[in-house]
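So this block is data20.cif, mmCIF, C-alpha atoms:
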data_protein
#
loop_
_atom_site.label_atom_id
_atom_site.label_comp_id
_atom_site.auth_asym_id
_atom_site.auth_seq_id
_atom_site.Cartn_x
_atom_site.Cartn_y
_atom_site.Cartn_z
CA MET A 1 101.86 -47.20 197.06
CA SER A 2 101.26 -43.54 197.68
CA VAL A 3 101.95 -40.39 195.72
CA ARG A 4 102.07 -36.70 196.45
CA LEU A 5 103.09 -33.60 194.53
CA GLY A 6 106.60 -32.94 195.84
CA TYR A 7 108.25 -30.45 193.51
CA THR A 8 107.47 -28.09 190.72
CA ILE A 9 110.73 -27.52 188.86
CA LEU A 10 111.12 -24.81 186.25
CA TYR A 11 114.09 -24.97 183.89
CA VAL A 12 115.50 -21.47 183.53
CA ALA A 13 118.40 -19.74 181.79
CA ASP A 14 119.69 -18.09 185.00
CA VAL A 15 118.85 -19.71 188.35
CA GLU A 16 120.25 -16.95 190.56
CA ALA A 17 118.45 -14.18 188.63
CA THR A 18 115.19 -16.15 188.81
CA VAL A 19 115.46 -16.67 192.58
CA SER A 20 116.14 -12.96 193.12
CA PHE A 21 113.22 -12.09 190.87
CA TYR A 22 110.80 -14.39 192.74
CA GLU A 23 111.91 -12.80 196.01
CA ALA A 24 111.49 -9.23 194.77
CA ALA A 25 108.35 -9.72 192.68
CA PHE A 26 106.37 -12.20 194.79
CA GLY A 27 107.94 -12.04 198.24
CA LEU A 28 108.88 -15.73 198.28
CA ARG A 29 112.04 -16.65 200.18
CA ARG A 30 114.92 -18.77 198.96
CA LYS A 31 115.63 -21.99 200.81
CA PHE A 32 119.01 -22.39 199.09
CA ILE A 33 120.90 -21.97 195.85
CA HIS A 34 123.46 -24.61 195.02
CA GLU A 35 126.96 -23.21 194.52
CA SER A 36 126.96 -24.40 190.90
CA ASN A 37 124.13 -21.91 190.28
CA LEU A 38 122.27 -24.74 188.56
CA TYR A 39 119.67 -25.57 191.19
CA ALA A 40 117.68 -23.67 193.81
CA GLU A 41 114.68 -24.24 196.03
CA MET A 42 112.24 -21.65 197.33
CA ASP A 43 110.74 -21.87 200.79
CA THR A 44 107.21 -22.81 199.70
CA GLY A 45 106.14 -25.32 202.34
CA GLU A 46 105.06 -28.85 201.58
CA THR A 47 105.28 -28.54 197.79
CA THR A 48 108.65 -27.17 196.76
CA LEU A 49 109.10 -24.67 193.96
CA SER A 50 112.54 -25.25 192.43
CA PHE A 51 114.52 -23.70 189.62
CA ALA A 52 117.03 -25.70 187.62
CA GLY A 53 119.47 -24.43 185.02
CA GLU A 54 118.77 -25.43 181.43
CA ALA A 55 122.05 -27.37 181.43
CA MET A 56 120.40 -29.71 183.96
CA ALA A 57 117.63 -30.60 181.52
CA GLU A 58 120.31 -31.79 179.14
CA MET A 59 122.21 -33.60 181.90
CA ASN A 60 119.00 -35.42 182.80
CA GLY A 61 118.58 -36.49 179.18
CA LEU A 62 115.50 -34.30 178.70
CA ALA A 63 114.69 -32.03 175.79
CA ILE A 64 112.59 -28.97 176.50
CA ARG A 65 111.47 -25.78 174.86
CA ALA A 66 113.30 -23.14 176.92
CA ASN A 67 111.14 -20.49 178.62
CA ARG A 68 111.80 -17.08 177.15
CA ARG A 69 110.17 -13.78 177.94
CA LYS A 70 109.63 -12.87 174.29
CA ASP A 71 108.23 -16.27 173.32
CA LEU A 72 104.66 -17.50 173.54
CA ALA A 73 104.06 -18.67 177.12
CA ALA A 74 104.30 -22.43 177.71
CA GLY A 75 101.06 -24.26 178.52
CA PHE A 76 101.20 -24.22 182.30
CA GLU A 77 100.98 -21.69 185.11
CA LEU A 78 102.11 -21.33 188.69
CA ALA A 79 99.35 -20.11 190.98
CA LEU A 80 100.53 -18.13 194.01
CA VAL A 81 98.03 -17.33 196.74
CA PHE A 82 98.28 -13.90 198.43
CA SER A 83 96.39 -12.27 201.28
CA ASP A 84 96.08 -9.15 199.08
CA PRO A 85 96.35 -10.10 195.37
CA ARG A 86 95.80 -6.53 194.12
CA GLU A 87 98.72 -5.21 196.12
CA ALA A 88 100.77 -8.27 195.11
CA TYR A 89 100.05 -7.66 191.41
CA GLY A 90 101.23 -4.05 191.65
CA LYS A 91 104.37 -5.11 193.47
CA ALA A 92 105.14 -7.85 190.93
CA VAL A 93 104.76 -5.51 187.96
CA ALA A 94 106.86 -2.86 189.70
CA ALA A 95 109.60 -5.50 190.15
CA GLY A 96 109.62 -6.27 186.42
CA ALA A 97 106.92 -8.90 185.90
CA THR A 98 105.08 -8.50 182.59
CA PRO A 99 101.43 -7.54 183.20
CA VAL A 100 98.96 -9.88 181.52
CA LYS A 101 95.66 -9.41 183.35
CA PRO A 102 95.03 -7.27 186.46
CA PRO A 103 93.27 -9.04 189.34
CA GLU A 104 89.50 -9.29 189.05
CA ASN A 105 86.72 -10.81 191.13
CA LYS A 106 85.64 -14.26 190.03
CA PRO A 107 82.03 -15.46 190.45
CA TRP A 108 83.23 -18.14 192.88
CA GLY A 109 84.67 -15.49 195.19
CA GLN A 110 88.35 -15.59 194.32
CA VAL A 111 90.40 -12.59 193.12
CA VAL A 112 92.61 -13.65 190.20
CA GLY A 113 95.21 -11.86 188.03
CA TYR A 114 98.07 -12.95 185.76
CA VAL A 115 101.62 -11.82 185.07
CA ARG A 116 104.57 -13.42 183.29
CA ASP A 117 107.84 -13.85 185.16
CA LEU A 118 111.29 -12.82 183.92
CA ASN A 119 111.51 -16.05 181.89
CA GLY A 120 108.05 -15.65 180.35
CA CYS A 121 106.33 -18.25 182.56
CA LEU A 122 102.72 -17.54 183.48
CA VAL A 123 102.14 -16.78 187.16
CA GLU A 124 98.63 -16.50 188.55
CA ILE A 125 98.25 -14.06 191.43
CA ALA A 126 95.21 -15.11 193.43
CA SER A 127 93.47 -14.90 196.76
CA ALA A 128 92.72 -18.08 198.67
CA MET A 129 89.67 -20.03 197.60
CA PRO A 130 86.85 -18.89 199.90
CA GLY A 131 85.89 -21.76 201.97
CA MET B 1 114.13 -37.57 193.73
CA ASN B 2 117.65 -38.39 194.77
CA LEU B 3 118.90 -34.97 195.83
CA SER B 4 122.13 -36.12 197.39
CA ALA B 5 123.26 -37.70 194.12
CA ARG B 6 122.45 -34.53 192.29
CA TYR B 7 124.56 -32.47 194.70
CA THR B 8 127.64 -34.59 194.27
CA GLU B 9 127.49 -34.13 190.56
CA LEU B 10 126.91 -30.41 190.88
CA SER B 11 129.71 -29.59 193.30
CA ARG B 12 132.09 -31.18 190.86
CA LEU B 13 130.63 -29.10 188.08
CA ALA B 14 131.00 -25.98 190.20
CA ASP B 15 134.70 -26.76 190.58
CA LEU B 16 135.19 -26.81 186.83
CA GLY B 17 133.81 -23.35 186.18
CA GLU B 18 131.27 -22.38 183.58
CA GLU B 19 133.52 -22.64 180.52
CA VAL B 20 134.29 -26.32 181.04
CA GLU B 21 131.61 -28.91 180.50
CA ALA B 22 133.60 -31.95 181.55
CA ALA B 23 137.05 -33.12 182.49
CA TRP B 24 137.89 -36.65 181.47
CA SER B 25 140.77 -39.05 181.47
CA SER B 26 141.40 -42.34 179.78
CA VAL B 27 144.18 -44.88 179.32
CA SER B 28 143.99 -47.20 176.34
CA ASP B 29 144.48 -50.86 177.13
CA ARG B 30 144.76 -52.08 173.56
CA ALA B 31 146.12 -51.23 170.16
CA GLY B 32 143.58 -50.18 167.59
CA SER B 33 141.51 -47.12 167.10
CA TYR B 34 139.17 -44.96 169.07
CA ARG B 35 136.09 -43.52 167.39
CA VAL B 36 135.42 -39.82 167.95
CA LEU B 37 131.84 -38.72 167.33
CA PRO B 38 130.75 -35.21 166.39
CA ASP B 39 129.32 -33.56 169.53
CA GLY B 40 129.32 -29.85 168.71
CA ARG B 41 132.05 -29.29 171.30
CA CYS B 42 135.79 -28.81 171.17
CA ASP B 43 138.30 -30.42 173.52
CA ILE B 44 141.79 -29.58 174.69
CA ILE B 45 143.55 -32.91 175.16
CA LEU B 46 146.91 -33.82 176.67
CA ARG B 47 148.39 -37.11 175.41
CA PHE B 48 151.16 -38.91 177.29
CA ASP B 49 152.76 -42.25 178.07
CA ALA B 50 150.71 -43.53 181.01
CA GLY B 51 153.35 -46.11 181.93
CA ARG B 52 155.96 -43.56 182.97
CA ARG B 53 156.08 -41.63 186.26
CA PRO B 54 156.70 -38.75 186.32
CA ILE B 55 155.03 -37.98 183.01
CA ALA B 56 157.80 -36.58 180.85
CA GLU B 57 156.40 -35.97 177.40
CA VAL B 58 153.04 -34.28 176.95
CA THR B 59 151.48 -33.62 173.54
CA VAL B 60 148.71 -31.05 173.17
CA VAL B 61 145.79 -31.77 170.85
CA VAL B 62 143.01 -29.27 170.16
CA THR B 63 140.00 -30.82 168.44
CA GLY B 64 137.82 -28.69 166.18
CA PRO B 65 134.09 -28.98 165.50
CA THR B 66 133.35 -32.06 163.41
CA THR B 67 130.33 -33.09 161.38
CA ARG B 68 131.12 -36.78 161.10
CA PHE B 69 133.03 -39.48 162.96
CA TYR B 70 136.74 -40.12 162.69
CA ASP B 71 139.02 -42.78 164.16
CA VAL B 72 142.09 -42.02 166.23
CA PRO B 73 144.81 -44.69 166.31
CA ILE B 74 145.72 -45.73 169.86
CA GLU B 75 148.42 -47.90 171.41
CA PRO B 76 148.31 -49.71 174.73
CA GLY B 77 149.43 -47.48 177.61
CA MET B 78 148.62 -44.24 175.81
CA GLY B 79 147.10 -41.86 178.34
CA PHE B 80 144.79 -38.92 177.70
CA VAL B 81 143.32 -36.19 179.86
CA GLY B 82 141.02 -33.64 178.37
CA ILE B 83 138.56 -30.91 179.03
CA ARG B 84 135.50 -30.31 176.93
CA LEU B 85 134.77 -26.63 176.36
CA ARG B 86 131.21 -25.43 176.41
CA PRO B 87 130.01 -24.09 173.06
CA GLY B 88 130.72 -20.38 172.93
CA CYS B 89 133.87 -20.56 175.06
CA PHE B 90 136.32 -21.68 172.37
CA GLU B 91 137.42 -18.23 171.22
CA THR B 92 137.54 -16.89 174.79
CA VAL B 93 139.92 -19.67 175.82
CA LEU B 94 141.99 -20.19 172.65
CA GLY B 95 141.93 -16.79 170.99
CA PHE B 96 140.73 -17.90 167.56
CA GLU B 97 137.39 -18.90 166.12
CA PRO B 98 136.24 -22.54 166.19
CA ALA B 99 135.28 -22.29 162.48
CA ASP B 100 139.01 -22.01 161.69
CA LEU B 101 139.36 -25.57 162.95
CA ALA B 102 136.30 -27.14 161.29
CA ASN B 103 136.77 -30.88 160.75
CA ALA B 104 140.41 -30.61 161.81
CA ASN B 105 142.70 -31.01 164.82
CA LEU B 106 145.82 -29.16 165.89
CA VAL B 107 148.59 -31.33 167.30
CA GLY B 108 151.75 -30.21 169.14
CA PRO B 109 153.63 -27.42 167.29
CA ASP B 110 150.58 -26.61 165.13
CA ALA B 111 148.58 -25.99 168.30
CA PHE B 112 151.33 -23.72 169.71
CA ALA B 113 151.37 -21.75 166.45
CA ALA B 114 147.63 -21.06 166.83
CA CYS B 115 147.82 -20.39 170.59
CA PRO B 116 151.38 -20.09 171.98
CA ASP B 117 150.15 -20.26 175.58
CA LEU B 118 149.26 -23.95 175.06
CA GLU B 119 152.96 -24.80 175.35
CA THR B 120 152.77 -24.14 179.12
CA LEU B 121 150.62 -27.29 179.39
CA CYS B 122 153.50 -29.53 178.32
CA ALA B 123 155.78 -29.33 181.37
CA PRO B 124 156.49 -32.68 183.07
CA ALA B 125 153.89 -33.76 185.63
CA ARG B 126 153.68 -36.20 188.55
CA ASP B 127 150.46 -37.85 187.35
CA GLU B 128 147.13 -37.42 185.51
CA ASN B 129 145.59 -35.42 188.34
CA GLU B 130 148.24 -32.76 188.01
CA LEU B 131 147.54 -32.55 184.26
CA VAL B 132 143.79 -32.15 184.87
CA ALA B 133 144.45 -29.42 187.45
CA ARG B 134 146.82 -27.73 185.02
CA LEU B 135 144.25 -27.80 182.21
CA THR B 136 141.51 -26.40 184.44
CA ALA B 137 143.82 -23.64 185.71
CA PHE B 138 144.83 -22.88 182.11
CA VAL B 139 141.20 -22.33 181.12
CA ARG B 140 140.55 -20.14 184.19
CA ARG B 141 143.57 -17.98 183.47
CA ARG B 142 142.77 -17.65 179.77
CA VAL B 143 139.16 -16.67 180.55
CA ALA B 144 140.31 -14.08 183.10
CA ASP B 145 142.80 -12.58 180.60
CA SER B 146 140.54 -12.75 177.55
CA SER B 147 138.92 -9.71 176.01
CA SER B 148 136.39 -11.71 173.96
CA LYS B 149 133.65 -12.85 176.33
CA PRO B 150 130.57 -14.53 174.85
CA ALA B 151 127.66 -12.10 174.61
CA PRO B 152 124.77 -12.80 177.05
CA MET B 153 122.41 -13.30 174.08
CA ALA B 154 124.78 -15.90 172.63
CA ARG B 155 124.68 -17.80 175.92
CA VAL B 156 120.87 -18.01 176.06
CA VAL B 157 120.52 -18.86 172.37
CA ILE B 158 123.03 -21.73 172.62
CA SER B 159 121.34 -22.84 175.84
CA ALA B 160 117.95 -22.96 174.08
CA PHE B 161 119.42 -25.18 171.33
CA HIS B 162 120.95 -27.50 173.90
CA ALA B 163 117.88 -27.66 176.14
CA SER B 164 115.75 -28.66 173.16
CA GLY B 165 118.12 -31.45 172.17
CA GLY B 166 118.33 -29.84 168.72
CA ARG B 167 114.59 -30.13 168.18
CA LEU B 168 113.80 -26.44 167.68
CA ARG B 169 113.83 -24.99 164.17
CA ILE B 170 116.15 -22.04 163.56
CA GLY B 171 113.08 -19.87 162.98
CA ASP B 172 111.64 -20.91 166.36
CA VAL B 173 114.86 -20.03 168.14
CA ALA B 174 114.91 -16.65 166.38
CA ASN B 175 111.29 -15.92 167.29
CA MET B 176 111.54 -16.94 170.92
CA HIS B 177 114.42 -14.50 171.43
CA ALA B 178 112.94 -11.80 169.16
CA ILE B 179 116.04 -11.79 166.94
CA SER B 180 116.49 -12.53 163.22
CA GLU B 181 117.44 -15.94 161.80
CA ARG B 182 120.54 -14.26 160.47
CA THR B 183 121.53 -13.32 164.03
CA VAL B 184 120.92 -16.90 165.22
CA GLN B 185 123.21 -18.13 162.43
CA ARG B 186 125.92 -15.65 163.37
CA ILE B 187 125.71 -16.60 167.06
CA VAL B 188 125.79 -20.37 166.50
CA PHE B 189 128.54 -20.18 163.90
CA GLY B 190 130.66 -17.94 166.14
CA ALA B 191 130.14 -20.18 169.18
CA THR B 192 130.51 -23.62 167.60
CA GLY B 193 132.05 -23.15 164.15
CA LEU B 194 129.01 -24.95 162.72
CA ALA B 195 125.89 -23.87 160.83
CA PRO B 196 122.84 -23.89 163.17
CA LYS B 197 121.18 -26.68 161.19
CA THR B 198 124.28 -28.86 161.50
CA PHE B 199 124.67 -28.01 165.19
CA ALA B 200 121.02 -28.97 165.83
CA ALA B 201 121.45 -32.22 163.87
CA ILE B 202 124.49 -33.14 166.00
CA LEU B 203 122.53 -32.43 169.20
CA ARG B 204 119.69 -34.68 167.97
CA PHE B 205 122.15 -37.44 167.08
CA HIS B 206 123.72 -37.26 170.52
CA ARG B 207 120.46 -37.25 172.38
CA ALA B 208 119.19 -40.23 170.38
CA LEU B 209 122.42 -42.05 171.22
CA ARG B 210 121.87 -41.31 174.88
CA LEU B 211 118.20 -42.34 174.76
CA LEU B 212 119.26 -45.71 173.34
CA GLN B 213 122.33 -46.25 175.50
CA ASP B 214 121.46 -44.72 178.90
CA HIS B 215 117.66 -44.58 178.86
CA ARG B 216 117.45 -47.99 177.11
CA LEU B 217 114.59 -46.90 174.85
CA SER B 218 113.66 -48.99 171.82
CA PRO B 219 114.89 -47.54 168.49
CA ALA B 220 111.30 -46.58 167.60
CA ASP B 221 110.76 -44.72 170.90
CA ALA B 222 114.20 -43.08 170.76
CA ALA B 223 113.61 -41.86 167.17
CA LEU B 224 110.30 -40.29 168.19
CA GLU B 225 111.61 -38.62 171.38
CA ALA B 226 114.78 -37.36 169.68
CA GLY B 227 112.73 -35.68 166.95
CA PHE B 228 113.42 -37.85 163.89
CA SER B 229 110.59 -38.31 161.42
CA ASP B 230 110.97 -42.11 161.72
CA GLN B 231 113.38 -44.87 162.61
CA ALA B 232 114.82 -44.99 159.09
CA HIS B 233 115.68 -41.28 159.33
CA MET B 234 117.48 -41.90 162.63
CA SER B 235 119.38 -44.83 161.10
CA ARG B 236 120.61 -42.73 158.17
CA VAL B 237 121.88 -40.01 160.55
CA PHE B 238 123.60 -42.62 162.75
CA ARG B 239 125.42 -44.12 159.75
CA ARG B 240 126.51 -40.71 158.49
CA MET B 241 127.59 -39.15 161.78
CA GLY B 242 128.63 -42.23 163.74
CA GLY B 243 129.40 -44.85 161.11
CA PHE B 244 127.19 -47.40 162.85
CA SER B 245 123.54 -48.42 163.01
CA PRO B 246 121.26 -47.74 166.02
CA ALA B 247 120.81 -51.50 166.41
CA ARG B 248 124.54 -52.12 166.94
CA LEU B 249 125.95 -49.39 169.16
CA PRO B 250 129.70 -49.60 169.62
CA ASP B 251 131.36 -48.69 172.90
CA VAL B 252 131.89 -45.02 172.20
CA THR B 253 131.76 -43.34 175.61
CA LEU B 254 134.90 -41.63 176.81
CA VAL B 255 135.75 -42.33 180.41
CA SER B 256 134.85 -39.22 182.36
CA LEU B 257 136.57 -38.33 185.61
CA HIS B 258 133.19 -37.39 186.92
CA ASP B 259 131.12 -40.44 186.13
#
Write the structure described by the file as structure tokens, please.
Amino acid sequence: MSVRLGYTILYVADVEATVSFYEAAFGLRRKFIHESNLYAEMDTGETTLSFAGEAMAEMNGLAIRANRRKDLAAGFELALVFSDPREAYGKAVAAGATPVKPPENKPWGQVVGYVRDLNGCLVEIASAMPG
Amino acid sequence: MNLSARYTELSRLADLGEEVEAAWSSVSDRAGSYRVLPDGRCDIILRFDAGRRPIAEVTVVVTGPTTRFYDVPIEPGMGFVGIRLRPGCFETVLGFEPADLANANLVGPDAFAACPDLETLCAPARDENELVARLTAFVRRRVADSSSKPAPMARVVISAFHASGGRLRIGDVANMHAISERTVQRIVFGATGLAPKTFAAILRFHRALRLLQDHRLSPADAALEAGFSDQAHMSRVFRRMGGFSPARLPDVTLVSLHD
């Protein structure tokens, strides 16, 4: 028996809009969007970041609190690692991300800031852990 | 994760377009009755004699939003094809509000009186597949010609209700979209013909049914996950909306073309 983290899947109101936003705001690239517009994967390496339409939560028999920009953020975050988090933060906000906390130096050597995406999900914008 | 299975399901969904939630067909093999449960959706159904080819006589039935079960009499060999409209698409497709058809159905001439275009669905057909294709094309054409498109806010509000399985309070839905409760009521009533509280209760009932039937949860676990205060609460709702108890589920699933 083995286990690994394979996918992080966010349920969103508009899959296509979310993919375009993640490309413009964070510079991630789409791997594909399914023609139904209900499922998409980003090109994020070994652990896939996916977006699924809210209708898919229902199809899967799940009940969720939908992510909305004007709602309180849900209790999780996505952490994206950038070579230049300060530049990345500026670019994300310019593309429509909601600013939450500009990047700052952490005592352990990382630079960390926070925005919320177009659906209100928390996204951490960080530098790699010094190591 | 079984991605290939997910794709198959999705490509079929993509074919149906975003106004149609499902296309289904069924042929009754017995005389008796078929129980229709409230699901917060409306269907356009074509009824015909499944024993005859080509299909000569087609009756149109439009089902309105219901708040409790009802039984439809069936005879052996009676065939049905139907499409289930997504909440919010009723007026776009049929030209009148779903609330006008609350707890009621329109059959044949009554349906034509409400929406004359429905008569085009009744021409003779080779088989069921042609009727399904005709229904899907009908919806596409009506959507393309319609002037009343659902507002984007209506789409996300209805989606939030659905995604939560009816577990969000009306106030929560209002707050998360920064709109008033009054606006939520207007949106849900316009889209489904039901009050938001009733719509949410139907979604909870349906999800609980699915948790018992498909997920095979125990009644206690299903009641908790579906958002009922306890098992007794779930049982009362099942008796009222479905006419049965959670411990004795009847065979109530319509045959879907896409299962």
ask   = How would you write as a list in words the residues that get within 12 Å of (149.4, -37.0, 187.6) in the file's frame, counting all atoms listed in the file?
value = Ser25, Leu46, Phe48, Asp49, Ala50, Gly51, Arg52, Arg53, Pro54, Ile55, Ala56, Val58, Gly79, Phe80, Val81, Ala123, Pro124, Ala125, Arg126, Asp127, Glu128, Asn129, Glu130, Leu131, Val132, Ala133, Arg134 and Leu135 of chain B
query = Skipping near chain neighbours, those fewer than 3 positions away, what residues fall within 9 Å of Ala57 (chain A) using all atoms listed in the file, listed as JSON, numbers by chain?
reply = {"A": [11, 52, 53, 54, 60, 61, 62, 63, 64], "B": [162, 163, 164]}
key: Point-to-point distance in Å for CA of Arg86 (chain B) and CA of Phe161 (chain B)   =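 Straight-line distance from CA of Phe161 (chain B) to CA of Arg86 (chain B) works out to 12.8 Å.
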ask   = Given the choices B:Cys89, B:Leu106, B:Leu212, B:Val184, which gets closest to chain A if the distance is worked out from all atoms listed in the file?
value = B:Leu212
query = Got a sec to resolve the PyMOL selection byres ((chain A and resi 89) around 10) on this structure and send the residues as a PyMOL selection string?
reply = chain A and resi 25-26+82+84-88+90-95+97+99+101-103+112-115+124-126
Dump as a PDB file, keeping the file's coordinate frame, selection limited to C-alpha atoms:
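Result file follows (selection.pdb):
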ATOM      1  CA  ALA A  25     108.350  -9.720 192.680  1.00  0.00           C
ATOM      2  CA  PHE A  26     106.370 -12.200 194.790  1.00  0.00           C
ATOM      3  CA  PHE A  82      98.280 -13.900 198.430  1.00  0.00           C
ATOM      4  CA  ASP A  84      96.080  -9.150 199.080  1.00  0.00           C
ATOM      5  CA  PRO A  85      96.350 -10.100 195.370  1.00  0.00           C
ATOM      6  CA  ARG A  86      95.800  -6.530 194.120  1.00  0.00           C
ATOM      7  CA  GLU A  87      98.720  -5.210 196.120  1.00  0.00           C
ATOM      8  CA  ALA A  88     100.770  -8.270 195.110  1.00  0.00           C
ATOM      9  CA  GLY A  90     101.230  -4.050 191.650  1.00  0.00           C
ATOM     10  CA  LYS A  91     104.370  -5.110 193.470  1.00  0.00           C
ATOM     11  CA  ALA A  92     105.140  -7.850 190.930  1.00  0.00           C
ATOM     12  CA  VAL A  93     104.760  -5.510 187.960  1.00  0.00           C
ATOM     13  CA  ALA A  94     106.860  -2.860 189.700  1.00  0.00           C
ATOM     14  CA  ALA A  95     109.600  -5.500 190.150  1.00  0.00           C
ATOM     15  CA  ALA A  97     106.920  -8.900 185.900  1.00  0.00           C
ATOM     16  CA  PRO A  99     101.430  -7.540 183.200  1.00  0.00           C
ATOM     17  CA  LYS A 101      95.660  -9.410 183.350  1.00  0.00           C
ATOM     18  CA  PRO A 102      95.030  -7.270 186.460  1.00  0.00           C
ATOM     19  CA  PRO A 103      93.270  -9.040 189.340  1.00  0.00           C
ATOM     20  CA  VAL A 112      92.610 -13.650 190.200  1.00  0.00           C
ATOM     21  CA  GLY A 113      95.210 -11.860 188.030  1.00  0.00           C
ATOM     22  CA  TYR A 114      98.070 -12.950 185.760  1.00  0.00           C
ATOM     23  CA  VAL A 115     101.620 -11.820 185.070  1.00  0.00           C
ATOM     24  CA  GLU A 124      98.630 -16.500 188.550  1.00  0.00           C
ATOM     25  CA  ILE A 125      98.250 -14.060 191.430  1.00  0.00           C
ATOM     26  CA  ALA A 126      95.210 -15.110 193.430  1.00  0.00           C
TER      27      ALA A 126
END
message = For the PyMOL selection byres ((chain A) within 12 of (chain B)), applied here, can you spell out every residue it catches as a PyMOL selection string?
response = chain A and resi 5-9+11-14+33-41+52-74+119-120
query = Looking at all atoms listed in the file, which of A:Val123, A:Val15, A:Leu118, A:Ala24 is the one that sits closest to Leu78 (chain A)?
reply = A:Val123
request  = Name every residue that the PyMOL selection byres ((chain A and resi 42) around 7) selects in this structure, writing the answer as a list of chain:residue names with chains first and numbers rising.
outcome  = A:Leu28, A:Arg29, A:Arg30, A:Lys31, A:Ala40, A:Glu41, A:Asp43, A:Thr44, A:Thr48, A:Leu49, A:Ser50
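Atom pair CA of Gly243 (chain B) / CA of Phe69 (chain B): separated by 6.7 Å.
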request  = Would you mind listing what lies within 7 Å of Val93 (chain B) as an NGL selection string, with all atoms listed in the file counted and same-chain residues fewer than 2 positions away left out?
outcome  = :B and (89-91 or 95 or 139 or 142-143)
query = CA of Thr192 (chain B) and CA of Pro150 (chain B) are how many Å apart?
reply = 11.6 Å
request  = Give as a ChimeraX atom specification each residue that has an atom at most 12 Å from (114.0, -48.2, 168.4) in the file, counting only C-alpha atoms.
outcome  = /B:208-209,211-213,215-226,228,230-235,245-248
ask   = Given the choices A:Leu10, A:Glu104, A:Phe21, A:Pro130, which gets closest to Phe76 (chain A) if the distance is worked out from all atoms listed in the file?
value =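 Residue with the minimum atom-to-atom distance to Phe76 (chain A): A:Leu10.
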Closest of B:Pro98, B:Pro73, B:Gly190, B:Gly171 to Arg35 (chain B) - atom-to-atom distances counting only C-alpha atoms =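 The shortest atom-to-atom distance to Arg35 (chain B) comes from B:Pro73.
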ask   = Neighbours of Leu94 (chain B) within 12 Å (only C-alpha atoms; same-chain residues fewer than 5 positions away dropped), as a PyMOL selection string?
value = chain B and resi 19+42-44+62-64+85+88-89+100-101+106+111-118+138-143+145-149
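Proximity of B:Glu119, B:Arg30, B:Ser180, B:Asp39 to Met78 (chain B), computed with all atoms listed in the file, is greatest for B:Arg30.
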request  = Within 9 Å of Ala128 (chain A), counting all atoms listed in the file, which residues show up once you throw out same-chain ones fewer than 5 positions away? Write them as a PyMOL selection string, please.
outcome  = chain A and resi 81-83+110-111
Of the listed residues A:Gly131, A:Val19, A:Val3, A:Glu46, that which approaches Phe32 (chain A) most closely, counting all atoms listed in the file =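 Closest to Phe32 (chain A), using all atoms listed in the file: A:Val19.
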Expected file content for region 44-52 of chain B, N, CA, C and O atoms, as a short mmCIF file (atom, residue, chain, number, x, y, z; two decimals), in the first residue's frame:
data_model
loop_
_atom_site.label_atom_id
_atom_site.label_comp_id
_atom_site.auth_asym_id
_atom_site.auth_seq_id
_atom_site.Cartn_x
_atom_site.Cartn_y
_atom_site.Cartn_z
N ILE B 44 -39.64 17.84 -20.02
CA ILE B 44 -40.51 17.76 -21.19
C ILE B 44 -40.48 16.29 -21.61
O ILE B 44 -39.40 15.73 -21.85
N ILE B 45 -41.65 15.68 -21.63
CA ILE B 45 -41.74 14.23 -21.85
C ILE B 45 -42.57 13.93 -23.09
O ILE B 45 -43.59 14.60 -23.34
N LEU B 46 -42.12 12.98 -23.90
CA LEU B 46 -42.92 12.49 -25.02
C LEU B 46 -43.36 11.07 -24.70
O LEU B 46 -42.53 10.21 -24.41
N ARG B 47 -44.68 10.84 -24.76
CA ARG B 47 -45.24 9.53 -24.44
C ARG B 47 -45.73 8.89 -25.74
O ARG B 47 -46.30 9.58 -26.59
N PHE B 48 -45.49 7.59 -25.89
CA PHE B 48 -45.88 6.92 -27.14
C PHE B 48 -46.08 5.43 -26.92
O PHE B 48 -45.75 4.90 -25.85
N ASP B 49 -46.61 4.77 -27.92
CA ASP B 49 -46.77 3.32 -27.88
C ASP B 49 -45.48 2.69 -28.36
O ASP B 49 -45.14 2.78 -29.54
N ALA B 50 -44.73 2.06 -27.44
CA ALA B 50 -43.40 1.55 -27.76
C ALA B 50 -43.47 0.30 -28.64
O ALA B 50 -42.46 -0.11 -29.21
N GLY B 51 -44.64 -0.28 -28.79
CA GLY B 51 -44.77 -1.51 -29.57
C GLY B 51 -44.91 -1.24 -31.06
O GLY B 51 -44.88 -2.17 -31.86
N ARG B 52 -45.12 0.00 -31.44
CA ARG B 52 -45.37 0.30 -32.86
C ARG B 52 -44.17 1.01 -33.50
O ARG B 52 -43.59 1.92 -32.94
#
